[in-house]
Amino acid sequence: MRAFAQAERFVSEVESRKLRPAYVFVGDEVFFRKKCRDAILQHLVPPDLREFSLFEFDLSETDLAEVLDRARTPSLMAPFQIFFVRGVKTLFGRGSNEDKLNAIEQYCGDPNPDAVLIFVADHISIPVDARRMDLTDKERYERIRETLGRYCAIVELGRVEESDAVRWIQEYCVTREVKIDLDAARELVDSLGGDMMMISNELEKLILYVGDKKRVTVGDVETMVLAAKQRSLYELTDAISARDRTRALEMLDAILSSGDGDDASIGHLYMLAKTFRQMLVILERNVRDQRMLWAALWQGFRVPPFAADDIIRQARRYKSKRELTRAIRLVAKSDLALRSNPPSKRMVLEKLVLDLTAEPKPEPEWMQEELGV
């Protein structure tokens with residue numbers, strides 16, 4: 001379980017208080033970042049001293065020199081200080097950044113023993129297979145390794161293999177004295193696209209839902225997760241395919257107002273992209289009923305039974321493959337925007353809905369030929 005090992009190593013260092021002067025959290029997997037942060041709060045920050053021990057900075061708003069000066073200064077109120085520093089990409093902006101990097105190196109050479117710096121590089125996404133990392137993200141990561149990596153410990157917060165996520169679910173349920181069927185664990189991971197933050201949140205709800213039964217089945221997952229997530233998703237895609245902009249925005253607001261809020265934005269996009277890809281297959285194979293649907297969609301790519309008729313109807317609202325490939329491209333564009341740490345994730349998703357419900361502009365002839373339309 002390689003993805004878990006990095007976070008667990010950091011947690012063990014926190015527990016033993018054998019910390020490096022500075023760390024770089026590389027990756028946008030919220031689940032592991034929360035795990036590391038929770039360990040810090042539990043072992044290093046007394047609840048009554050949190051105001052004097054824990055600090056948050058963003059280098060796009062605060063000068064690095066000020067952050068380092070605060071880190072060097074011992075606190076009269078707290079025995080230990082933690083500094084979370086976001087906006088790491090500003091250290092590698094245009095122009096020379098040697099002075100900033102040298103300042104961090106100098107601090108690490110003579111640090112405050114009662115403080116730790118944690119640089120958060122969440123503008124980089126690390127996929128399950130690192131060889132498939134986006135070229136831009138790969139270049140950014142290499143730059144961090146070659147500079148900050150020389151004097152800061154790097155902690156990768158990457159995506160999780162589905163099999164590892166299933167194993168984690170089973171192990172976690174044991175700690176909660178709950179049994180989860182293997183098929184149920186797999187269904188939970190598959191339905192949420194391997195997003196560990198969403199998986200952990202939904203698992204907590206499932207454990208509460210089964211109560212004294214102490215067992216989670218596939219039926220429980222379908223009732224509590226697929227129904228809760230996908231029914232609202234299909235209502236959203238229904239409004240989008242009908243180009244009902246008002247209803248689509250209302251559905252988006254309802255989804256974002258749920259318990260997961262903006263933190264689940266990447267998961268929502270994953271499910272949207274999957275739905276539009278399913279529609280594309282339906283249109284390409286001229287699917288007209290459920291029997292044809294089960295033959296057209298392969299195992300792991302099928303829709304839940306309650307959504308079968310809905311997705312066929314929605315797919316047939318699109319006049320051509322070009323319209324659906326356009327929708328998939330728009331979702332991919334929004335995914336990149338979300339991973340670039342935007343000021344507002346809600347605005348990114350609202351713009352996506354506006355674009356998806358707008359009448360598509362005619363594509364150039366060369367693009368139509370390339371798409372086969």
# chains A, B, ... in the order shown; residues from 1 in each chain; ligands from 1
>>> closest_atom_pairs(of="range 13-61 of chain A", to="range 107-112 of chain A", cutoff="9 Å", atoms="only C-alpha atoms", output="tab-separated table")
residue	atom	partner	partner_atom	distance
A:Arg20	CA	A:Cys108	CA	8.6
A:Pro21	CA	A:Cys108	CA	5.8
A:Ala22	CA	A:Cys108	CA	6.8
>>> write_last_selection(atoms="N, CA and C atoms", output="PDB file, in the first residue's frame")
ATOM      1  N   ARG A  20      11.828  16.391  10.888  1.00  0.00           N
ATOM      2  CA  ARG A  20      12.766  17.212  10.129  1.00  0.00           C
ATOM      3  C   ARG A  20      12.363  18.682  10.289  1.00  0.00           C
ATOM      4  N   PRO A  21      13.271  19.629  10.014  1.00  0.00           N
ATOM      5  CA  PRO A  21      12.912  21.048  10.136  1.00  0.00           C
ATOM      6  C   PRO A  21      11.783  21.462   9.183  1.00  0.00           C
ATOM      7  N   ALA A  22      11.731  20.824   7.987  1.00  0.00           N
ATOM      8  CA  ALA A  22      10.726  21.221   6.993  1.00  0.00           C
ATOM      9  C   ALA A  22      10.320  20.032   6.140  1.00  0.00           C
TER      10      ALA A  22
END
>>> residues_around(residues="range 47-60 of chain A", least_positions_apart="3", cutoff="8 Å", atoms="only C-alpha atoms", output="MDAnalysis selection string")
chainID A and resid 41 63:64 67 75 77:88 90
>>> write_last_selection(atoms="C-alpha atoms", output="tab-separated table (two decimals), in the first residue's frame")
chain	number	residue	atom	x	y	z
A	41	LEU	CA	-3.06	18.23	16.17
A	63	ASP	CA	6.16	37.13	1.95
A	64	LEU	CA	8.37	34.10	2.51
A	67	VAL	CA	7.08	33.19	7.35
A	75	SER	CA	7.06	31.23	21.21
A	77	MET	CA	3.09	30.78	24.83
A	78	ALA	CA	3.50	27.41	23.10
A	79	PRO	CA	6.14	24.67	23.45
A	80	PHE	CA	6.00	23.83	19.73
A	81	GLN	CA	4.88	25.66	16.56
A	82	ILE	CA	3.65	24.31	13.22
A	83	PHE	CA	3.56	26.41	10.05
A	84	PHE	CA	1.46	25.23	7.10
A	85	VAL	CA	2.60	27.14	4.00
A	86	ARG	CA	0.50	27.00	0.83
A	87	GLY	CA	1.18	28.64	-2.53
A	88	VAL	CA	4.39	26.68	-3.13
A	90	THR	CA	4.98	30.95	-6.27
>>> atom_distance(atom1="CA of Met251 in chain A", atom2="CA of Asp355 in chain A")
15.3 Å
>>> atom_distance(atom1="CA of Lys319 in chain A", atom2="CA of Ser241 in chain A")
10.6 Å
>>> atom_distance(atom1="CA of Arg247 in chain A", atom2="CA of Leu352 in chain A")
14.1 Å
>>> residues_around(residues="Asp190 in chain A", least_positions_apart="6", cutoff="10 Å", atoms="only C-alpha atoms", output="list in words")
Glu162, Ala165, Val166, Ala184, Ile199, Gly300 and Phe301 of chain A
>>> write_last_selection(atoms="C-alpha atoms", output="mmCIF file, in the first residue's frame")
data_model
loop_
_atom_site.group_PDB
_atom_site.id
_atom_site.type_symbol
_atom_site.label_atom_id
_atom_site.label_comp_id
_atom_site.auth_asym_id
_atom_site.auth_seq_id
_atom_site.Cartn_x
_atom_site.Cartn_y
_atom_site.Cartn_z
ATOM 1 C CA GLU A 162 -8.391 0.504 -5.980
ATOM 2 C CA ALA A 165 -8.531 1.294 -1.047
ATOM 3 C CA VAL A 166 -10.609 -1.898 -0.678
ATOM 4 C CA ALA A 184 -19.618 -3.941 -0.833
ATOM 5 C CA ILE A 199 -14.729 6.933 0.531
ATOM 6 C CA GLY A 300 -17.178 -1.853 -14.105
ATOM 7 C CA PHE A 301 -18.550 0.705 -16.574
#
